[in-house]
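Participant: One structure, pasted below without further comment.
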Amino acid sequence: MFKKAVLVLCGLGAVSVAAAAPRQIWVSPEGTEAGDGSMEAPYLRIAAAQRQARELRRLNDESIAEGIEILLTDGKYELIEPLLIRTEDSGTAVSPTTFKAAPDATPVLSGGVAVEGWSPAEGSIEGLNPAAKGKLWVAKTPRKNANRFSFRQLWVEGERAVRAKEVDDNDLPRILDWDKENRVGWIELPEFGDFSDPLGMEFVIHQMWAIAILRVKTFEAFPEEGRARISFYEPESRVQFEHPWPPVVLANKGKPGFYSADNGSSAYYLANRMEFLDEPGEWYLDEEKGLVYYWPKEGQDMATVEVIAPAMETLVEVQGSLDAPVEHVQFYGIHFEHTTWMRPSIAGHVPLQAGFYMYDAYKLKVPGTPDKAGLENQAWIGRQSAAVTVYGGNDIAFRNCIFQRIAASGLDYTFGSQRAVVEGNVFRDIGGNGIVIGGFQDGGIETHVPYDPSDEREICSDARIVNNLVTDVANEDWGCVGIAAGYVRGIEIAHNEISEVAYTGISMGWGWTKSVNCMRDNLIHANHIHHYAKHMYDVGGIYTLSPQPKSVISENSVHTLYKPAYVHDPNHWNYLYLDEGSSYIYVRDNWCPEQKFSTNANGPGNTWENNGPQVSQEIKDAAGLELEFQHLLN
């Protein structure tokens, strides 16, 4: 324990005493089960340190008056189950519990396993693409806790490798036709491969503001026509063909029940077959044989290269309740890495928006609900996994952490969390949403029903998400966003730098109605959002839904969109986008190169003031990370 000397004036003289400091408990990948948590004899497992901290709190040990620091030394902590932070782990305002990097250490909480034993792939390989002949390396799938496992991601030397897919760039093909009645799609016949048994093949389709991932059940080739007819497994086939929004687009077909666009039909690509492994940096998992294939990039030596496959979906769960929340727990300087999300391999993935998948959805024969007379669709949605989740936790803080190499969401405050702090972190290489907070009417209630609980403790409120770098997110699920805030209250999203996003930078709100809900007093201020809309349109750098009284969007800098060739409407993009039901929001002093905004089916009370290129250079320059946090850009 480190102590700091101070002077206390007492009577005629000054007496030197030791100031109190947090109680320290040490953990190391080189520690032992027999450790005592000292720096000299650290624990091997974080959970062991957690248990000691719980006991110190239970006994009200005098050494914890200034808090507890669980110090993680340098190295990788390969978890075999999520680290569960429970109510009994709670600290207090004056004595918090902090999981913290030891001085000069970079502790990594990893859900991954090394893939080792690579050798050149020789002999007959079913489906081998001629381009890959003599280029592939192969290894047995690894084991996690004695069991072999499936995975959808692979990282080679820290870089996300490409799961084998039909196209090697963004020149995506377009669907030829879409038959809702028979639940089949017509596509171009791939140049190479026999897919009469399409085992493992996935069909990824672009649907305006969301993609869908559909597991291919049948593949009927018509070589003389240069096309193929495909069908899909349940449950995703039912949801895909019955849900009306977001729609599949057919170009100028005039086909009843379809959204028609003049920029071509919906784009798509096929993935996850050996036949598609045709360039360096791609990989394929043969689940039947338990083999993983990889085509190394130039300079990669497979005898020494680090290859990591993710085996876990969640690394840390903060799990309390409304009556017994986890409180005053902090994370500082920790890396969270290597997670997967396997639902698309089991049940497909058909999202409504922002990655929230529909497990049931359909079009109403007679439109209208009590909250929206013209509503024509119903949907019940689920939530993607996250590397770290917080449920029923107050004053739970993440500072100076890095979330990276994540399959779905990075950090998710799901329910009943007050006064969260997310400050000075990096979120990068995230497959889904970077940061998620609040309810989205996910679960057993139809998602358009306004959320306004009688017990206000349910609402995620008074959170601060500030000075974070969010970049290279939604790189698998293109319909996800940088920061997704649902039904929240009193939230501050400020001075974040958000870039390289497939869809929207910041999304706040849910519901698509003008009815009263729990949202109010939210602030989106001085964020720098750029290089977004990499793959999806119907987009805004900042996007809102539903009434949010006394909420403010101010002094943000929003600019530089991508221009993907395959979006349904190349003009359907915005810097600021107040979508359906948005009401009572004050939008002021936001800089963008032109006044390209959208106000779709808004409610009353919105005020727009001084937004566009005329906003001062001072406001523009102040947006983004404040000086203390600009090192995150390096």
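Residues are referred to by chain and number: the chain letter is A, B, ... according to the order shown in the structure tokens, the number counts from 1 in that chain, and ligands are numbered separately from 1 in the order shown.
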Using only C-alpha atoms, which residues sit within 9 Å of Asn425 of chain A once same-chain residues fewer than 2 positions away are excluded, as a PyMOL selection string?

Facilitator: chain A and resi 333+398-403+422-423+427+466-470+632

Participant: Which residues, written as a list of chain:residue names, have at least one atom at most 8 Å from Asp521 of chain A, with only C-alpha atoms counted and residues fewer than 6 positions away on the same chain left out?

Facilitator: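 With the cut-off at 8 Å, the set is A:Arg489, A:Gly490, A:Ile491, A:Gln548, A:Pro549, A:Lys550, A:Ser551, A:Val552.
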
Participant: Measuring atom to atom with only C-alpha atoms, identify which of A:Trp26, A:Ala311, A:His243, A:Gly257 is nearest to Asn145 of chain A.

Facilitator: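 Under the stated criterion, the closest residue is A:Ala311.
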
Participant: Taking 3 positions as the minimum chain separation for residues in the same chain, which residues sit within 8 Å of Thr314 of chain A when counting only C-alpha atoms? Answer as a PyMOL selection string.

Facilitator: chain A and resi 82+111+317+339+385-389

Participant: Would you mind exporting the chosen residues as a compact mmCIF listing (two decimals), in the first residue's frame, restricted to C-alpha atoms?

Facilitator:
# COMPACT_ATOMS: atom_id res chain seq x y z
CA PRO A 82 -18.04 -13.70 -17.51
CA GLY A 111 -12.72 -14.01 -24.34
CA GLU A 317 -21.68 -8.57 -16.23
CA THR A 339 -15.89 -11.53 -28.06
CA SER A 385 -24.77 -9.17 -26.66
CA ALA A 386 -22.10 -6.78 -25.39
CA ALA A 387 -18.57 -7.23 -24.12
CA VAL A 388 -19.63 -5.51 -20.88
CA THR A 389 -23.21 -5.17 -19.61

Participant: Using only C-alpha atoms, pick whichever of A:Met274, A:Phe241, A:Asp177, A:Ile211 has the shortest atom-to-atom distance to Pro198 of chain A.

Facilitator: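 Among the listed residues, the smallest separation from Pro198 of chain A belongs to A:Met274.
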
Participant: Per residue of segment 475-557 of chain A within 7 Å of segment 579-590 of chain A, record the nearest atom pair and its distance in Å to one decimal, counting only C-alpha atoms, with rows in chain order and ascending residue number, as a Markdown table.

Facilitator:
| residue | atom | partner | partner_atom | distance |
| --- | --- | --- | --- | --- |
| A:Trp512 | CA | A:Glu580 | CA | 4.9 |
| A:Thr513 | CA | A:Gly581 | CA | 4.7 |
| A:Lys514 | CA | A:Gly581 | CA | 4.3 |
| A:Tyr543 | CA | A:Asp579 | CA | 7.0 |
| A:Thr544 | CA | A:Asp579 | CA | 5.8 |
| A:Leu545 | CA | A:Ser582 | CA | 4.9 |
| A:Ser546 | CA | A:Gly581 | CA | 4.0 |
| A:Pro547 | CA | A:Ser583 | CA | 4.2 |
| A:Gln548 | CA | A:Tyr584 | CA | 5.9 |
| A:Pro549 | CA | A:Tyr584 | CA | 4.7 |
| A:Lys550 | CA | A:Ile585 | CA | 6.2 |
| A:Ser551 | CA | A:Ile585 | CA | 5.0 |
| A:Val552 | CA | A:Tyr586 | CA | 4.7 |
| A:Ile553 | CA | A:Val587 | CA | 4.8 |
| A:Ser554 | CA | A:Arg588 | CA | 5.0 |
| A:Glu555 | CA | A:Asn590 | CA | 4.4 |
| A:Asn556 | CA | A:Asn590 | CA | 4.8 |
| A:Ser557 | CA | A:Asn590 | CA | 6.0 |

Participant: Keeping only N, CA and C atoms, write those residues as a compact mmCIF listing (two decimals), in the first residue's frame.

Facilitator:
# COMPACT_ATOMS: atom_id res chain seq x y z
N TRP A 512 -40.95 5.92 -32.37
CA TRP A 512 -41.58 6.38 -33.60
C TRP A 512 -42.98 6.95 -33.38
N THR A 513 -43.30 7.42 -32.17
CA THR A 513 -44.62 8.01 -31.94
C THR A 513 -44.47 9.37 -31.27
N LYS A 514 -45.57 10.12 -31.21
CA LYS A 514 -45.58 11.43 -30.55
C LYS A 514 -46.15 11.36 -29.14
N TYR A 543 -29.22 11.58 -34.79
CA TYR A 543 -30.54 11.09 -35.15
C TYR A 543 -31.38 10.98 -33.87
N THR A 544 -32.67 11.39 -33.95
CA THR A 544 -33.55 11.28 -32.78
C THR A 544 -34.90 10.68 -33.16
N LEU A 545 -35.58 10.17 -32.14
CA LEU A 545 -36.94 9.66 -32.27
C LEU A 545 -37.76 10.07 -31.05
N SER A 546 -39.03 10.40 -31.26
CA SER A 546 -40.04 10.55 -30.22
C SER A 546 -39.80 11.78 -29.34
N PRO A 547 -40.81 12.17 -28.54
CA PRO A 547 -40.71 13.39 -27.71
C PRO A 547 -39.61 13.29 -26.66
N GLN A 548 -38.86 14.38 -26.52
CA GLN A 548 -37.80 14.47 -25.52
C GLN A 548 -37.78 15.89 -24.97
N PRO A 549 -38.77 16.28 -24.17
CA PRO A 549 -38.87 17.66 -23.70
C PRO A 549 -37.59 18.15 -23.03
N LYS A 550 -37.29 19.41 -23.31
CA LYS A 550 -36.15 20.10 -22.72
C LYS A 550 -34.81 19.45 -23.08
N SER A 551 -34.79 18.75 -24.19
CA SER A 551 -33.53 18.18 -24.66
C SER A 551 -32.86 19.13 -25.64
N VAL A 552 -31.53 19.07 -25.72
CA VAL A 552 -30.76 20.03 -26.49
C VAL A 552 -29.72 19.30 -27.34
N ILE A 553 -29.61 19.72 -28.60
CA ILE A 553 -28.54 19.27 -29.49
C ILE A 553 -27.76 20.52 -29.87
N SER A 554 -26.54 20.66 -29.37
CA SER A 554 -25.86 21.95 -29.50
C SER A 554 -24.37 21.81 -29.78
N GLU A 555 -23.86 22.69 -30.61
CA GLU A 555 -22.43 22.94 -30.82
C GLU A 555 -21.66 21.68 -31.24
N ASN A 556 -22.33 20.81 -31.97
CA ASN A 556 -21.66 19.65 -32.54
C ASN A 556 -21.08 20.00 -33.91
N SER A 557 -20.05 19.30 -34.32
CA SER A 557 -19.48 19.43 -35.65
C SER A 557 -19.73 18.12 -36.39

Participant: Just want the 9 Å neighbourhood of Ile406 of chain A, counted on only C-alpha atoms, with same-chain residues fewer than 5 positions away dropped. Output as a list of chain:residue names.

Facilitator: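 Residues meeting the cut-off are A:Gln153, A:Pro310, A:Glu313, A:Phe336, A:Glu337, A:His338, A:Thr339, A:Thr340, A:Trp341, A:Ala386, A:Ala387, A:Arg428, A:Asp429, A:Ile430, A:Gly431, A:Gly432.
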
Participant: Have a look at A:Asp452, A:Glu166, A:Asp442, A:Glu327 and name the one nearest to Asp89 of chain A; count only C-alpha atoms.

Facilitator: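 Closest to Asp89 of chain A, using only C-alpha atoms: A:Glu327.
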
Participant: Find, counting only C-alpha atoms, the residue in A:Ala53, A:Leu71, A:Leu59, A:Val350 that gets nearest to Gly382 of chain A.

Facilitator: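 Checking each candidate against Gly382 of chain A, we get A:Val350 as the closest.
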
Participant: Excluding Gly393 of chain A and any residue of its chain fewer than 5 positions from it, enumerate the residues within 10 Å of it, using only C-alpha atoms, and give them as a PyMOL selection string.

Facilitator: chain A and resi 85-87+90+318-322+324-329+413-420+460

Participant: Generate the output file for the selected residues, C-alpha atoms, as a PDB file, in the first residue's frame.

Facilitator:
ATOM      1  CA  ILE A  85     -20.072  -8.026 -10.427  1.00  0.00           C
ATOM      2  CA  ARG A  86     -22.897  -8.453  -7.938  1.00  0.00           C
ATOM      3  CA  THR A  87     -24.659  -6.369  -5.322  1.00  0.00           C
ATOM      4  CA  SER A  90     -20.777  -2.567  -4.187  1.00  0.00           C
ATOM      5  CA  VAL A 318     -22.634  -5.980 -13.635  1.00  0.00           C
ATOM      6  CA  GLN A 319     -25.825  -7.545 -12.289  1.00  0.00           C
ATOM      7  CA  GLY A 320     -27.975  -5.898  -9.633  1.00  0.00           C
ATOM      8  CA  SER A 321     -31.663  -5.136  -9.233  1.00  0.00           C
ATOM      9  CA  LEU A 322     -33.849  -2.094  -8.584  1.00  0.00           C
ATOM     10  CA  ALA A 324     -30.490  -4.054  -4.530  1.00  0.00           C
ATOM     11  CA  PRO A 325     -28.391  -2.329  -7.199  1.00  0.00           C
ATOM     12  CA  VAL A 326     -24.662  -2.689  -7.671  1.00  0.00           C
ATOM     13  CA  GLU A 327     -23.257   0.692  -6.686  1.00  0.00           C
ATOM     14  CA  HIS A 328     -20.003   2.645  -6.875  1.00  0.00           C
ATOM     15  CA  VAL A 329     -17.933   0.221  -8.934  1.00  0.00           C
ATOM     16  CA  TYR A 413     -26.157  -0.166 -19.804  1.00  0.00           C
ATOM     17  CA  THR A 414     -29.339  -2.163 -20.285  1.00  0.00           C
ATOM     18  CA  PHE A 415     -31.697  -1.307 -17.426  1.00  0.00           C
ATOM     19  CA  GLY A 416     -32.087   0.572 -14.185  1.00  0.00           C
ATOM     20  CA  SER A 417     -28.764   2.406 -14.126  1.00  0.00           C
ATOM     21  CA  GLN A 418     -28.289   5.899 -12.733  1.00  0.00           C
ATOM     22  CA  ARG A 419     -25.322   8.253 -12.869  1.00  0.00           C
ATOM     23  CA  ALA A 420     -23.201   6.143 -15.194  1.00  0.00           C
ATOM     24  CA  CYS A 460     -31.233   4.844 -17.274  1.00  0.00           C
TER      25      CYS A 460
END

Participant: Residues near Met536 of chain A, anyone? I mean within 12 Å using only C-alpha atoms, not counting same-chain ones fewer than 4 positions away, as a PyMOL selection string.

Facilitator: chain A and resi 205-211+246+266-267+353-354+474-475+477-481+501-505+532+540-541+561-574

Participant: Can you spit out the residues from that selection as a compact mmCIF listing (two decimals), in the first residue's frame, using C-alpha atoms?

Facilitator:
# COMPACT_ATOMS: atom_id res chain seq x y z
CA ILE A 205 -28.91 -8.24 -47.73
CA HIS A 206 -28.91 -4.43 -47.60
CA GLN A 207 -32.31 -3.03 -46.52
CA MET A 208 -32.19 0.77 -46.52
CA TRP A 209 -31.00 1.38 -42.94
CA ALA A 210 -30.29 -2.19 -41.79
CA ILE A 211 -28.83 -5.40 -43.08
CA PRO A 246 -36.93 -1.82 -43.29
CA SER A 266 -31.20 -4.12 -52.75
CA ALA A 267 -27.54 -5.07 -52.64
CA GLN A 353 -32.89 -0.58 -36.44
CA ALA A 354 -29.56 -0.03 -34.67
CA ALA A 474 -20.65 -1.33 -36.96
CA ASN A 475 -18.07 -3.06 -39.14
CA ASP A 477 -23.71 -5.25 -38.58
CA TRP A 478 -23.80 -2.20 -40.83
CA GLY A 479 -27.05 -0.89 -39.36
CA CYS A 480 -25.51 -0.21 -35.95
CA VAL A 481 -24.31 3.16 -34.65
CA VAL A 501 -19.21 4.35 -38.74
CA ALA A 502 -21.31 2.24 -41.10
CA TYR A 503 -24.52 4.12 -40.27
CA THR A 504 -25.36 6.90 -37.78
CA GLY A 505 -22.99 8.60 -35.32
CA TYR A 532 -20.10 8.08 -41.17
CA GLY A 540 -28.02 11.33 -39.82
CA GLY A 541 -24.81 12.20 -38.05
CA LEU A 561 -20.20 11.15 -45.25
CA TYR A 562 -19.28 8.18 -47.34
CA LYS A 563 -21.09 7.68 -50.65
CA PRO A 564 -21.69 3.94 -51.10
CA ALA A 565 -22.92 3.20 -54.62
CA TYR A 566 -25.58 0.70 -53.58
CA VAL A 567 -27.77 2.74 -51.18
CA HIS A 568 -31.46 2.86 -52.08
CA ASP A 569 -31.56 6.67 -52.36
CA PRO A 570 -28.23 8.52 -52.73
CA ASN A 571 -29.88 11.76 -51.54
CA HIS A 572 -31.42 10.34 -48.37
CA TRP A 573 -28.72 11.47 -45.96
CA ASN A 574 -28.52 14.24 -43.38

Participant: Do a neighbour search on segment 279-294 of chain A at 8 Å with only C-alpha atoms, toss out local chain neighbours closer than 5 positions, and write the hits as a ChimeraX atom specification.

Facilitator: /A:121,131-132,136-141,150,154,161-164,168,272-274

Participant: Hey, can you spit out that residue selection with C-alpha atoms as a short mmCIF file (atom, residue, chain, number, x, y, z; two decimals), in the first residue's frame?

Facilitator:
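Wrote selection-v8.cif, looks like this:
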data_model
loop_
_atom_site.label_atom_id
_atom_site.label_comp_id
_atom_site.auth_asym_id
_atom_site.auth_seq_id
_atom_site.Cartn_x
_atom_site.Cartn_y
_atom_site.Cartn_z
CA ALA A 121 -3.29 -26.97 -46.45
CA ALA A 131 -7.25 -18.77 -56.80
CA ALA A 132 -6.46 -20.21 -53.37
CA LEU A 136 -4.03 -21.68 -47.64
CA TRP A 137 -2.94 -22.69 -44.18
CA VAL A 138 -5.04 -24.85 -41.88
CA ALA A 139 -5.33 -25.54 -38.15
CA LYS A 140 -7.63 -27.48 -35.89
CA THR A 141 -10.31 -25.39 -34.23
CA SER A 150 -17.79 -22.23 -33.28
CA LEU A 154 -10.97 -14.21 -36.29
CA ALA A 161 -9.68 -11.06 -40.73
CA VAL A 162 -12.38 -11.26 -43.39
CA ARG A 163 -14.81 -14.15 -43.16
CA ALA A 164 -14.88 -15.63 -46.66
CA ASP A 168 -13.89 -8.65 -52.21
CA ASN A 272 -19.17 -18.38 -45.24
CA ARG A 273 -18.23 -20.95 -47.89
CA MET A 274 -14.85 -22.36 -48.87
#

Participant: As a PyMOL selection string, please: every residue in segment 464-632 of chain A that a backbone DSSP assignment puts in helix (DSSP H, G or I).

Facilitator: chain A and resi 617-622+627-632

Participant: Suppose you want the space between atom CA of Gly35 of chain A and atom CA of Thr73 of chain A; what is it in Å?

Facilitator: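 We find that atom CA of Gly35 of chain A and atom CA of Thr73 of chain A lie 14.1 Å from each other.
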
Participant: Which of segment 432-552 of chain A end up as strand (DSSP E) when DSSP is run on this backbone - answer as a PyMOL selection string?

Facilitator: chain A and resi 435-437+460-461+464-466+469-473+483-485+488-489+492-494+497-501+506-508+523-525+528-532+539-544+547-552

Participant: Limited to C-alpha atoms, could you put the picked residues into a file as a PDB file, in the first residue's frame?

Facilitator:
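This went into part.pdb:
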ATOM      1  CA  ILE A 435     -21.974   2.247 -26.631  1.00  0.00           C
ATOM      2  CA  VAL A 436     -25.611   1.416 -25.812  1.00  0.00           C
ATOM      3  CA  ILE A 437     -27.682   2.797 -22.944  1.00  0.00           C
ATOM      4  CA  CYS A 460     -31.233   4.844 -17.274  1.00  0.00           C
ATOM      5  CA  SER A 461     -30.761   8.442 -16.175  1.00  0.00           C
ATOM      6  CA  ARG A 464     -22.303  11.118 -18.683  1.00  0.00           C
ATOM      7  CA  ILE A 465     -20.793   9.737 -21.891  1.00  0.00           C
ATOM      8  CA  VAL A 466     -17.980  12.178 -22.515  1.00  0.00           C
ATOM      9  CA  LEU A 469     -13.064   7.987 -29.098  1.00  0.00           C
ATOM     10  CA  VAL A 470     -15.520   5.807 -31.035  1.00  0.00           C
ATOM     11  CA  THR A 471     -14.140   4.608 -34.364  1.00  0.00           C
ATOM     12  CA  ASP A 472     -14.427   1.660 -36.748  1.00  0.00           C
ATOM     13  CA  VAL A 473     -17.759   0.521 -35.314  1.00  0.00           C
ATOM     14  CA  ILE A 483     -23.618   5.654 -29.570  1.00  0.00           C
ATOM     15  CA  ALA A 484     -27.175   4.323 -29.178  1.00  0.00           C
ATOM     16  CA  ALA A 485     -29.306   5.850 -26.412  1.00  0.00           C
ATOM     17  CA  VAL A 488     -33.062   7.746 -21.357  1.00  0.00           C
ATOM     18  CA  ARG A 489     -33.388  10.797 -19.128  1.00  0.00           C
ATOM     19  CA  GLU A 492     -25.132  13.957 -21.415  1.00  0.00           C
ATOM     20  CA  ILE A 493     -23.324  12.849 -24.587  1.00  0.00           C
ATOM     21  CA  ALA A 494     -20.558  15.395 -25.037  1.00  0.00           C
ATOM     22  CA  GLU A 497     -15.048  11.878 -31.423  1.00  0.00           C
ATOM     23  CA  ILE A 498     -17.033   9.474 -33.620  1.00  0.00           C
ATOM     24  CA  SER A 499     -15.772   8.333 -37.018  1.00  0.00           C
ATOM     25  CA  GLU A 500     -15.645   5.415 -39.456  1.00  0.00           C
ATOM     26  CA  VAL A 501     -19.212   4.348 -38.737  1.00  0.00           C
ATOM     27  CA  ILE A 506     -25.321   9.235 -32.345  1.00  0.00           C
ATOM     28  CA  SER A 507     -28.878   7.899 -32.125  1.00  0.00           C
ATOM     29  CA  MET A 508     -31.113   8.996 -29.246  1.00  0.00           C
ATOM     30  CA  LEU A 523     -28.015  16.775 -24.057  1.00  0.00           C
ATOM     31  CA  ILE A 524     -25.939  16.022 -27.166  1.00  0.00           C
ATOM     32  CA  HIS A 525     -23.201  18.645 -27.075  1.00  0.00           C
ATOM     33  CA  HIS A 528     -17.224  15.695 -33.533  1.00  0.00           C
ATOM     34  CA  ILE A 529     -18.896  13.248 -35.944  1.00  0.00           C
ATOM     35  CA  HIS A 530     -17.355  12.532 -39.316  1.00  0.00           C
ATOM     36  CA  HIS A 531     -16.788   9.779 -41.866  1.00  0.00           C
ATOM     37  CA  TYR A 532     -20.099   8.081 -41.175  1.00  0.00           C
ATOM     38  CA  VAL A 539     -29.047   8.405 -42.011  1.00  0.00           C
ATOM     39  CA  GLY A 540     -28.023  11.328 -39.818  1.00  0.00           C
ATOM     40  CA  GLY A 541     -24.812  12.197 -38.049  1.00  0.00           C
ATOM     41  CA  ILE A 542     -27.143  12.815 -35.101  1.00  0.00           C
ATOM     42  CA  TYR A 543     -30.545  11.091 -35.146  1.00  0.00           C
ATOM     43  CA  THR A 544     -33.547  11.277 -32.779  1.00  0.00           C
ATOM     44  CA  PRO A 547     -40.705  13.387 -27.713  1.00  0.00           C
ATOM     45  CA  GLN A 548     -37.797  14.468 -25.523  1.00  0.00           C
ATOM     46  CA  PRO A 549     -38.872  17.659 -23.698  1.00  0.00           C
ATOM     47  CA  LYS A 550     -36.145  20.104 -22.717  1.00  0.00           C
ATOM     48  CA  SER A 551     -33.527  18.182 -24.660  1.00  0.00           C
ATOM     49  CA  VAL A 552     -30.757  20.033 -26.492  1.00  0.00           C
TER      50      VAL A 552
END

Participant: Of the candidates A:Leu364, A:Met519, A:Leu79, A:Ile175, which shows the shortest atom-to-atom distance to Gly438 of chain A, using only C-alpha atoms?

Facilitator: A:Met519
